[in-house]
$ cat target17.cif   # mmCIF, C-alpha atoms
data_structure
#
loop_
_atom_site.label_atom_id
_atom_site.label_comp_id
_atom_site.auth_asym_id
_atom_site.auth_seq_id
_atom_site.Cartn_x
_atom_site.Cartn_y
_atom_site.Cartn_z
CA MET A 1 -4.32 10.00 -15.95
CA ASN A 2 -1.71 7.62 -14.61
CA ILE A 3 -1.80 6.80 -10.91
CA PHE A 4 1.26 5.56 -9.03
CA ILE A 5 0.80 3.65 -5.75
CA TYR A 6 3.81 2.99 -3.52
CA SER A 7 3.44 0.93 -0.38
CA ASP A 8 5.28 -1.00 2.28
CA GLU A 9 4.35 -3.35 5.08
CA SER A 10 5.48 -3.44 8.66
CA GLY A 11 5.36 -6.31 11.09
CA VAL A 12 5.11 -10.05 10.88
CA PHE A 13 1.77 -11.70 10.20
CA ASP A 14 2.05 -14.12 13.10
CA LYS A 15 -0.68 -14.00 15.72
CA GLU A 16 1.38 -15.92 18.28
CA HIS A 17 4.16 -13.35 18.54
CA ASN A 18 2.76 -10.08 17.15
CA ASP A 19 -0.24 -7.90 17.81
CA PHE A 20 -0.32 -5.74 14.67
CA PHE A 21 0.49 -5.86 10.99
CA VAL A 22 0.43 -2.63 8.97
CA PHE A 23 0.33 -1.60 5.33
CA GLY A 24 0.98 2.04 4.47
CA GLY A 25 1.25 3.79 1.17
CA VAL A 26 1.19 6.92 -0.91
CA ILE A 27 -0.72 7.72 -4.08
CA PHE A 28 0.52 10.05 -6.82
CA LEU A 29 -1.85 11.22 -9.53
CA SER A 30 0.79 11.89 -12.18
CA LYS A 31 4.40 11.11 -12.98
CA SER A 32 5.41 14.74 -12.49
CA GLU A 33 3.78 14.80 -9.03
CA LYS A 34 5.54 11.54 -8.16
CA ASP A 35 8.90 12.88 -9.32
CA LYS A 36 8.48 16.18 -7.41
CA GLN A 37 7.50 14.47 -4.16
CA GLU A 38 10.29 11.93 -4.55
CA ARG A 39 12.84 14.76 -4.76
CA LYS A 40 11.42 16.39 -1.60
CA TYR A 41 11.49 13.13 0.35
CA LEU A 42 14.98 12.17 -0.83
CA HIS A 43 16.27 15.59 0.21
CA ALA A 44 14.81 15.17 3.72
CA GLU A 45 16.24 11.65 3.89
CA ARG A 46 19.66 12.84 2.69
CA VAL A 47 19.80 15.50 5.44
CA ILE A 48 19.00 12.85 8.06
CA ARG A 49 21.44 10.35 6.53
CA GLU A 50 24.28 12.90 6.65
CA ARG A 51 23.52 13.98 10.22
CA MET A 52 23.31 10.36 11.43
CA ASN A 53 26.35 9.25 9.39
CA PHE A 54 24.36 6.50 7.66
CA SER A 55 26.01 4.93 4.64
CA GLU A 56 24.26 5.18 1.29
CA ASP A 57 23.35 1.49 1.33
CA ARG A 58 21.72 1.60 4.77
CA GLU A 59 17.95 2.05 4.72
CA VAL A 60 16.68 4.88 6.92
CA LYS A 61 14.24 3.10 9.24
CA ALA A 62 11.93 4.79 11.74
CA VAL A 63 13.38 2.71 14.57
CA SER A 64 16.86 4.14 13.96
CA ILE A 65 16.05 7.87 13.78
CA THR A 66 14.78 10.48 16.24
CA ASN A 67 11.16 11.62 16.53
CA ALA A 68 12.22 15.00 15.13
CA ASP A 69 13.67 13.27 12.07
CA LYS A 70 10.51 11.17 11.67
CA GLY A 71 8.56 14.43 11.73
CA LYS A 72 10.82 15.85 9.01
CA LEU A 73 10.13 12.84 6.79
CA PHE A 74 6.38 12.99 7.44
CA ARG A 75 6.28 16.72 6.68
CA SER A 76 8.04 16.07 3.37
CA LEU A 77 4.90 14.07 2.48
CA ASN A 78 2.35 16.70 3.59
CA ASP A 79 0.90 17.18 0.10
CA VAL A 80 0.70 13.48 -0.70
CA TYR A 81 -2.38 11.25 -0.65
CA LYS A 82 -1.79 8.48 1.86
CA PHE A 83 -3.55 5.27 2.83
CA GLY A 84 -3.03 2.51 5.33
CA VAL A 85 -4.51 -0.45 7.09
CA VAL A 86 -3.77 -1.76 10.56
CA ILE A 87 -4.56 -5.42 11.14
CA ARG A 88 -5.18 -6.39 14.75
CA GLN A 89 -4.06 -9.96 14.54
CA ASN A 90 -6.02 -11.16 17.56
CA ARG A 91 -9.21 -10.34 15.60
CA VAL A 92 -8.24 -12.48 12.61
CA LEU A 93 -9.77 -15.96 12.43
CA ASN A 94 -7.38 -18.67 13.58
CA GLU A 95 -8.04 -20.61 10.37
CA ILE A 96 -6.34 -17.85 8.35
CA PHE A 97 -3.04 -18.67 10.07
CA THR A 98 -3.12 -22.37 9.17
CA SER A 99 -1.26 -22.02 5.86
CA LYS A 100 1.06 -19.61 4.08
CA LYS A 101 -1.35 -19.27 1.19
CA SER A 102 -4.37 -18.40 3.33
CA LYS A 103 -2.28 -15.86 5.26
CA GLN A 104 -1.10 -14.31 2.01
CA ARG A 105 -4.60 -14.22 0.53
CA TYR A 106 -5.80 -12.43 3.66
CA LEU A 107 -2.98 -9.87 3.50
CA ASP A 108 -3.59 -9.31 -0.22
CA PHE A 109 -7.29 -8.80 0.50
CA ALA A 110 -6.59 -6.30 3.30
CA TYR A 111 -4.17 -4.40 1.06
CA LYS A 112 -6.60 -4.36 -1.86
CA ILE A 113 -9.44 -3.04 0.32
CA ALA A 114 -7.22 -0.29 1.78
CA VAL A 115 -6.31 0.87 -1.72
CA LYS A 116 -9.93 0.65 -2.87
CA LYS A 117 -11.11 2.78 0.07
CA ALA A 118 -8.39 5.34 -0.70
CA PHE A 119 -9.50 5.48 -4.35
CA ASN A 120 -13.16 5.79 -3.38
CA ASP A 121 -12.27 8.63 -1.02
CA LEU A 122 -10.40 10.46 -3.79
CA ILE A 123 -13.32 9.89 -6.16
CA ASN A 124 -15.90 11.09 -3.59
CA LYS A 125 -13.83 14.25 -3.00
CA SER A 126 -13.69 14.79 -6.79
CA VAL A 127 -9.89 14.62 -6.73
CA ILE A 128 -9.97 12.01 -9.47
CA ASN A 129 -12.51 11.09 -12.09
CA PRO A 130 -12.40 7.32 -12.62
CA LEU A 131 -13.12 7.76 -16.32
CA ASP A 132 -9.85 9.70 -16.69
CA VAL A 133 -7.70 6.89 -15.23
CA LYS A 134 -5.65 5.17 -17.89
CA ASN A 135 -3.14 3.17 -15.84
CA LEU A 136 -2.50 2.11 -12.26
CA TYR A 137 1.11 1.39 -11.33
CA PHE A 138 1.70 -0.51 -8.07
CA PHE A 139 5.08 -0.60 -6.34
CA VAL A 140 4.83 -2.87 -3.30
CA ASP A 141 8.12 -2.85 -1.40
CA GLU A 142 9.32 -6.39 -0.65
CA HIS A 143 5.79 -7.76 -0.66
CA THR A 144 5.84 -11.17 0.97
CA THR A 145 4.69 -14.01 -1.24
CA ALA A 146 3.42 -17.53 -0.87
CA THR A 147 4.73 -19.39 -3.92
CA ASP A 148 3.63 -17.01 -6.69
CA GLY A 149 1.81 -14.62 -4.34
CA ARG A 150 3.08 -11.53 -6.14
CA TYR A 151 1.34 -12.73 -9.30
CA GLU A 152 -1.77 -13.50 -7.27
CA LEU A 153 -1.74 -9.95 -5.84
CA LYS A 154 -1.39 -8.54 -9.36
CA GLU A 155 -4.36 -10.61 -10.54
CA SER A 156 -6.39 -9.61 -7.49
CA LEU A 157 -5.71 -5.90 -8.04
CA GLU A 158 -6.50 -6.23 -11.72
CA GLN A 159 -9.74 -8.01 -10.90
CA GLU A 160 -10.75 -5.38 -8.34
CA PHE A 161 -9.90 -2.27 -10.33
CA LYS A 162 -10.31 -3.32 -13.94
CA ILE A 163 -12.89 -6.11 -14.12
CA GLY A 164 -14.96 -6.18 -10.91
CA THR A 165 -15.53 -8.91 -8.33
CA PHE A 166 -18.17 -11.25 -6.95
CA ASN A 167 -18.59 -11.88 -3.24
CA MET A 168 -17.77 -15.34 -1.90
CA VAL A 169 -21.37 -16.57 -2.14
CA TYR A 170 -21.33 -15.55 -5.82
CA ASP A 171 -24.79 -14.03 -5.66
CA ARG A 172 -23.57 -10.43 -5.79
CA TYR A 173 -21.35 -8.59 -8.22
CA PHE A 174 -19.25 -5.62 -7.14
CA GLY A 175 -18.42 -3.42 -10.09
CA ILE A 176 -15.08 -1.80 -10.63
CA VAL A 177 -14.22 1.15 -8.40
CA ASN A 178 -16.77 3.74 -9.44
CA SER A 179 -16.16 2.82 -13.08
CA PHE A 180 -12.38 2.68 -13.37
CA VAL A 181 -11.70 1.76 -16.94
#

$ encode --input "target17.cif" --output "structure tokens"
Amino acid sequence: MNIFIYSDESGVFDKEHNDFFVFGGVIFLSKSEKDKQERKYLHAERVIRERMNFSEDREVKAVSITNADKGKLFRSLNDVYKFGVVIRQNRVLNEIFTSKKSKQRYLDFAYKIAVKKAFNDLINKSVINPLDVKNLYFFVDEHTTATDGRYELKESLEQEFKIGTFNMVYDRYFGIVNSFV
């Protein structure tokens, strides 16, 4: 089984000027499912694009379409597994905001945990068997980076889902997600 994870972020991770930062994503359990759902979504987007007279190169953003059109896009994803995380920035330690790297590590951690909880939910509902998973493909739309943060996210995801992790005190080991191979 190949699993495809597509995600995007919304907001600016800046406690001074913003209250929330959000990651949202969808999970497809096969290439054929991904392709089918992509066609459905693109059709819904094309209908909206034509009605709103948006050019092909203009991204359809929630802020620029009606609530009815947002509903159309959401309904096109009814049969898709979704995940998300909302970060309330006023609850994040001030020290996290002191450097680009610590901010990025925090965002990578929040993203990784959101994906892990989504996987665990799918495993607990017997939607996927972790022993059947061969590959995980992540597509993170315009993921912000601090220096080589994209590489660091890749390593972090690999560590979490392929190898396993230790907690920060290094006295506990957390195995891979219910035995992902």

$ resolve_selection --input "target17.cif" --expression "the PyMOL selection byres ((chain A and resi 20) around 10)" --output "PyMOL selection string"
chain A and resi 10-15+17-19+21-22+86-90

$ resolve_selection --input "target17.cif" --expression "the PyMOL selection byres ((chain A and resi 24) around 8)" --output "VMD selection string"
chain A and resid 7 to 9 22 to 23 25 to 26 82 to 85

$ write_last_selection --input "target17.cif" --atoms "C-alpha atoms" --output "mmCIF file, in the coordinates of the input"
data_model
loop_
_atom_site.group_PDB
_atom_site.id
_atom_site.type_symbol
_atom_site.label_atom_id
_atom_site.label_comp_id
_atom_site.auth_asym_id
_atom_site.auth_seq_id
_atom_site.Cartn_x
_atom_site.Cartn_y
_atom_site.Cartn_z
ATOM 1 C CA SER A 7 3.440 0.930 -0.380
ATOM 2 C CA ASP A 8 5.280 -1.000 2.280
ATOM 3 C CA GLU A 9 4.350 -3.350 5.080
ATOM 4 C CA VAL A 22 0.430 -2.630 8.970
ATOM 5 C CA PHE A 23 0.330 -1.600 5.330
ATOM 6 C CA GLY A 25 1.250 3.790 1.170
ATOM 7 C CA VAL A 26 1.190 6.920 -0.910
ATOM 8 C CA LYS A 82 -1.790 8.480 1.860
ATOM 9 C CA PHE A 83 -3.550 5.270 2.830
ATOM 10 C CA GLY A 84 -3.030 2.510 5.330
ATOM 11 C CA VAL A 85 -4.510 -0.450 7.090
#

$ atom_distance --input "target17.cif" --atom1 "atom CA of A:Gln104" --atom2 "atom CA of A:Tyr6"
18.8 Å

$ resolve_selection --input "target17.cif" --expression "the PyMOL selection byres ((chain A and resi 138-141) around 12)" --output "ChimeraX atom specification"
/A:2-10,23-28,108,111-112,115,135-137,142-145,150,153-154,157-158,161

$ residues_near_point --input "target17.cif" --point "(-10.3, -13.6, 8.8)" --cutoff "12 Å" --atoms "all atoms listed in the file" --output "NGL selection string"
:A and (15 or 87-98 or 102-107 or 109-110)

$ atom_distance --input "target17.cif" --atom1 "atom CA of A:Leu77" --atom2 "atom CA of A:Lys162"
28.3 Å

$ atom_distance --input "target17.cif" --atom1 "atom CA of A:Arg51" --atom2 "atom CA of A:Asp79"
25.0 Å

$ residues_around --input "target17.cif" --residues "A:Leu73" --least-positions-apart "2" --cutoff "10 Å" --atoms "all atoms listed in the file" --output "number ranges by chain"
A: 40-45, 48, 62, 67-71, 75-78

$ closest_residue --input "target17.cif" --among "A:Met52, A:Val60, A:Val80, A:Glu16" --to "A:Lys36" --atoms "only C-alpha atoms"
A:Val80

$ decode --input "target17.cif" --residues "stretch 60-76 of chain A" --atoms "all heavy atoms" --output "PDB file, in the first residue's frame"
ATOM      1  N   VAL A  60      -7.275  29.469  -6.637  1.00  0.00           N
ATOM      2  CA  VAL A  60      -8.588  29.665  -6.027  1.00  0.00           C
ATOM      3  C   VAL A  60      -8.394  29.605  -4.514  1.00  0.00           C
ATOM      4  O   VAL A  60      -8.089  28.551  -3.964  1.00  0.00           O
ATOM      5  CB  VAL A  60      -9.599  28.595  -6.498  1.00  0.00           C
ATOM      6  CG1 VAL A  60     -10.923  28.750  -5.769  1.00  0.00           C
ATOM      7  CG2 VAL A  60      -9.801  28.693  -7.996  1.00  0.00           C
ATOM      8  N   LYS A  61      -8.532  30.742  -3.863  1.00  0.00           N
ATOM      9  CA  LYS A  61      -8.344  30.846  -2.414  1.00  0.00           C
ATOM     10  C   LYS A  61      -9.700  31.023  -1.744  1.00  0.00           C
ATOM     11  O   LYS A  61     -10.596  31.659  -2.297  1.00  0.00           O
ATOM     12  CB  LYS A  61      -7.458  32.053  -2.078  1.00  0.00           C
ATOM     13  CG  LYS A  61      -6.037  31.915  -2.549  1.00  0.00           C
ATOM     14  CD  LYS A  61      -5.197  31.631  -1.362  1.00  0.00           C
ATOM     15  CE  LYS A  61      -3.721  31.714  -1.672  1.00  0.00           C
ATOM     16  NZ  LYS A  61      -2.983  31.018  -0.647  1.00  0.00           N
ATOM     17  N   ALA A  62      -9.827  30.491  -0.545  1.00  0.00           N
ATOM     18  CA  ALA A  62     -11.094  30.577   0.186  1.00  0.00           C
ATOM     19  C   ALA A  62     -11.542  32.023   0.375  1.00  0.00           C
ATOM     20  O   ALA A  62     -12.733  32.319   0.334  1.00  0.00           O
ATOM     21  CB  ALA A  62     -10.964  29.875   1.536  1.00  0.00           C
ATOM     22  N   VAL A  63     -10.604  32.922   0.569  1.00  0.00           N
ATOM     23  CA  VAL A  63     -10.942  34.320   0.824  1.00  0.00           C
ATOM     24  C   VAL A  63     -11.591  34.977  -0.393  1.00  0.00           C
ATOM     25  O   VAL A  63     -12.314  35.956  -0.257  1.00  0.00           O
ATOM     26  CB  VAL A  63      -9.696  35.106   1.305  1.00  0.00           C
ATOM     27  CG1 VAL A  63      -8.700  35.279   0.169  1.00  0.00           C
ATOM     28  CG2 VAL A  63     -10.077  36.424   1.910  1.00  0.00           C
ATOM     29  N   SER A  64     -11.360  34.417  -1.587  1.00  0.00           N
ATOM     30  CA  SER A  64     -11.849  35.066  -2.803  1.00  0.00           C
ATOM     31  C   SER A  64     -13.087  34.398  -3.410  1.00  0.00           C
ATOM     32  O   SER A  64     -13.517  34.792  -4.485  1.00  0.00           O
ATOM     33  CB  SER A  64     -10.732  35.117  -3.847  1.00  0.00           C
ATOM     34  OG  SER A  64     -10.307  33.821  -4.170  1.00  0.00           O
ATOM     35  N   ILE A  65     -13.660  33.406  -2.717  1.00  0.00           N
ATOM     36  CA  ILE A  65     -14.857  32.746  -3.244  1.00  0.00           C
ATOM     37  C   ILE A  65     -15.983  32.797  -2.222  1.00  0.00           C
ATOM     38  O   ILE A  65     -15.755  33.069  -1.040  1.00  0.00           O
ATOM     39  CB  ILE A  65     -14.560  31.288  -3.676  1.00  0.00           C
ATOM     40  CG1 ILE A  65     -14.114  30.435  -2.491  1.00  0.00           C
ATOM     41  CG2 ILE A  65     -13.534  31.264  -4.798  1.00  0.00           C
ATOM     42  CD1 ILE A  65     -13.904  28.971  -2.822  1.00  0.00           C
ATOM     43  N   THR A  66     -17.191  32.511  -2.670  1.00  0.00           N
ATOM     44  CA  THR A  66     -18.364  32.574  -1.793  1.00  0.00           C
ATOM     45  C   THR A  66     -18.415  31.355  -0.870  1.00  0.00           C
ATOM     46  O   THR A  66     -17.762  30.335  -1.116  1.00  0.00           O
ATOM     47  CB  THR A  66     -19.660  32.594  -2.629  1.00  0.00           C
ATOM     48  OG1 THR A  66     -19.791  31.327  -3.290  1.00  0.00           O
ATOM     49  CG2 THR A  66     -19.664  33.731  -3.635  1.00  0.00           C
ATOM     50  N   ASN A  67     -19.229  31.456   0.171  1.00  0.00           N
ATOM     51  CA  ASN A  67     -19.423  30.317   1.074  1.00  0.00           C
ATOM     52  C   ASN A  67     -20.016  29.125   0.333  1.00  0.00           C
ATOM     53  O   ASN A  67     -19.670  27.982   0.613  1.00  0.00           O
ATOM     54  CB  ASN A  67     -20.305  30.716   2.256  1.00  0.00           C
ATOM     55  CG  ASN A  67     -19.561  31.591   3.244  1.00  0.00           C
ATOM     56  OD1 ASN A  67     -18.335  31.627   3.275  1.00  0.00           O
ATOM     57  ND2 ASN A  67     -20.309  32.324   4.060  1.00  0.00           N
ATOM     58  N   ALA A  68     -20.907  29.390  -0.614  1.00  0.00           N
ATOM     59  CA  ALA A  68     -21.499  28.298  -1.405  1.00  0.00           C
ATOM     60  C   ALA A  68     -20.413  27.575  -2.204  1.00  0.00           C
ATOM     61  O   ALA A  68     -20.420  26.339  -2.291  1.00  0.00           O
ATOM     62  CB  ALA A  68     -22.577  28.841  -2.334  1.00  0.00           C
ATOM     63  N   ASP A  69     -19.478  28.340  -2.769  1.00  0.00           N
ATOM     64  CA  ASP A  69     -18.392  27.729  -3.522  1.00  0.00           C
ATOM     65  C   ASP A  69     -17.437  26.967  -2.598  1.00  0.00           C
ATOM     66  O   ASP A  69     -16.928  25.901  -2.961  1.00  0.00           O
ATOM     67  CB  ASP A  69     -17.627  28.776  -4.319  1.00  0.00           C
ATOM     68  CG  ASP A  69     -18.413  29.265  -5.526  1.00  0.00           C
ATOM     69  OD1 ASP A  69     -19.328  28.541  -5.980  1.00  0.00           O
ATOM     70  OD2 ASP A  69     -18.112  30.369  -6.019  1.00  0.00           O
ATOM     71  N   LYS A  70     -17.195  27.492  -1.420  1.00  0.00           N
ATOM     72  CA  LYS A  70     -16.373  26.761  -0.442  1.00  0.00           C
ATOM     73  C   LYS A  70     -17.028  25.423  -0.123  1.00  0.00           C
ATOM     74  O   LYS A  70     -16.359  24.390  -0.045  1.00  0.00           O
ATOM     75  CB  LYS A  70     -16.201  27.572   0.845  1.00  0.00           C
ATOM     76  CG  LYS A  70     -15.334  28.788   0.688  1.00  0.00           C
ATOM     77  CD  LYS A  70     -15.309  29.596   1.975  1.00  0.00           C
ATOM     78  CE  LYS A  70     -14.884  31.011   1.704  1.00  0.00           C
ATOM     79  NZ  LYS A  70     -15.058  31.881   2.848  1.00  0.00           N
ATOM     80  N   GLY A  71     -18.357  25.457   0.058  1.00  0.00           N
ATOM     81  CA  GLY A  71     -19.097  24.223   0.324  1.00  0.00           C
ATOM     82  C   GLY A  71     -18.952  23.225  -0.807  1.00  0.00           C
ATOM     83  O   GLY A  71     -18.801  22.021  -0.580  1.00  0.00           O
ATOM     84  N   LYS A  72     -18.984  23.712  -2.043  1.00  0.00           N
ATOM     85  CA  LYS A  72     -18.818  22.843  -3.217  1.00  0.00           C
ATOM     86  C   LYS A  72     -17.450  22.155  -3.176  1.00  0.00           C
ATOM     87  O   LYS A  72     -17.345  20.950  -3.420  1.00  0.00           O
ATOM     88  CB  LYS A  72     -18.975  23.668  -4.494  1.00  0.00           C
ATOM     89  CG  LYS A  72     -18.866  22.878  -5.782  1.00  0.00           C
ATOM     90  CD  LYS A  72     -18.936  23.813  -6.967  1.00  0.00           C
ATOM     91  CE  LYS A  72     -19.917  23.502  -8.028  1.00  0.00           C
ATOM     92  NZ  LYS A  72     -20.969  22.600  -7.909  1.00  0.00           N
ATOM     93  N   LEU A  73     -16.413  22.925  -2.868  1.00  0.00           N
ATOM     94  CA  LEU A  73     -15.078  22.342  -2.788  1.00  0.00           C
ATOM     95  C   LEU A  73     -14.981  21.325  -1.652  1.00  0.00           C
ATOM     96  O   LEU A  73     -14.413  20.248  -1.818  1.00  0.00           O
ATOM     97  CB  LEU A  73     -14.019  23.431  -2.635  1.00  0.00           C
ATOM     98  CG  LEU A  73     -13.794  24.321  -3.857  1.00  0.00           C
ATOM     99  CD1 LEU A  73     -12.806  25.432  -3.528  1.00  0.00           C
ATOM    100  CD2 LEU A  73     -13.322  23.515  -5.052  1.00  0.00           C
ATOM    101  N   PHE A  74     -15.539  21.667  -0.491  1.00  0.00           N
ATOM    102  CA  PHE A  74     -15.507  20.730   0.640  1.00  0.00           C
ATOM    103  C   PHE A  74     -16.261  19.448   0.313  1.00  0.00           C
ATOM    104  O   PHE A  74     -15.803  18.355   0.621  1.00  0.00           O
ATOM    105  CB  PHE A  74     -16.088  21.369   1.908  1.00  0.00           C
ATOM    106  CG  PHE A  74     -15.144  22.319   2.590  1.00  0.00           C
ATOM    107  CD1 PHE A  74     -15.547  23.596   2.887  1.00  0.00           C
ATOM    108  CD2 PHE A  74     -13.865  21.936   2.941  1.00  0.00           C
ATOM    109  CE1 PHE A  74     -14.689  24.494   3.511  1.00  0.00           C
ATOM    110  CE2 PHE A  74     -12.992  22.810   3.562  1.00  0.00           C
ATOM    111  CZ  PHE A  74     -13.409  24.097   3.848  1.00  0.00           C
ATOM    112  N   ARG A  75     -17.426  19.572  -0.327  1.00  0.00           N
ATOM    113  CA  ARG A  75     -18.204  18.384  -0.674  1.00  0.00           C
ATOM    114  C   ARG A  75     -17.467  17.501  -1.671  1.00  0.00           C
ATOM    115  O   ARG A  75     -17.620  16.280  -1.658  1.00  0.00           O
ATOM    116  CB  ARG A  75     -19.582  18.775  -1.210  1.00  0.00           C
ATOM    117  CG  ARG A  75     -20.552  19.191  -0.115  1.00  0.00           C
ATOM    118  CD  ARG A  75     -21.970  19.384  -0.648  1.00  0.00           C
ATOM    119  NE  ARG A  75     -22.080  20.376  -1.706  1.00  0.00           N
ATOM    120  CZ  ARG A  75     -22.099  21.692  -1.519  1.00  0.00           C
ATOM    121  NH1 ARG A  75     -22.027  22.181  -0.286  1.00  0.00           N
ATOM    122  NH2 ARG A  75     -22.200  22.527  -2.538  1.00  0.00           N
ATOM    123  N   SER A  76     -16.641  18.110  -2.520  1.00  0.00           N
ATOM    124  CA  SER A  76     -15.869  17.298  -3.463  1.00  0.00           C
ATOM    125  C   SER A  76     -14.866  16.409  -2.724  1.00  0.00           C
ATOM    126  O   SER A  76     -14.347  15.441  -3.286  1.00  0.00           O
ATOM    127  CB  SER A  76     -15.151  18.180  -4.478  1.00  0.00           C
ATOM    128  OG  SER A  76     -14.023  18.803  -3.923  1.00  0.00           O
TER     129      SER A  76
END
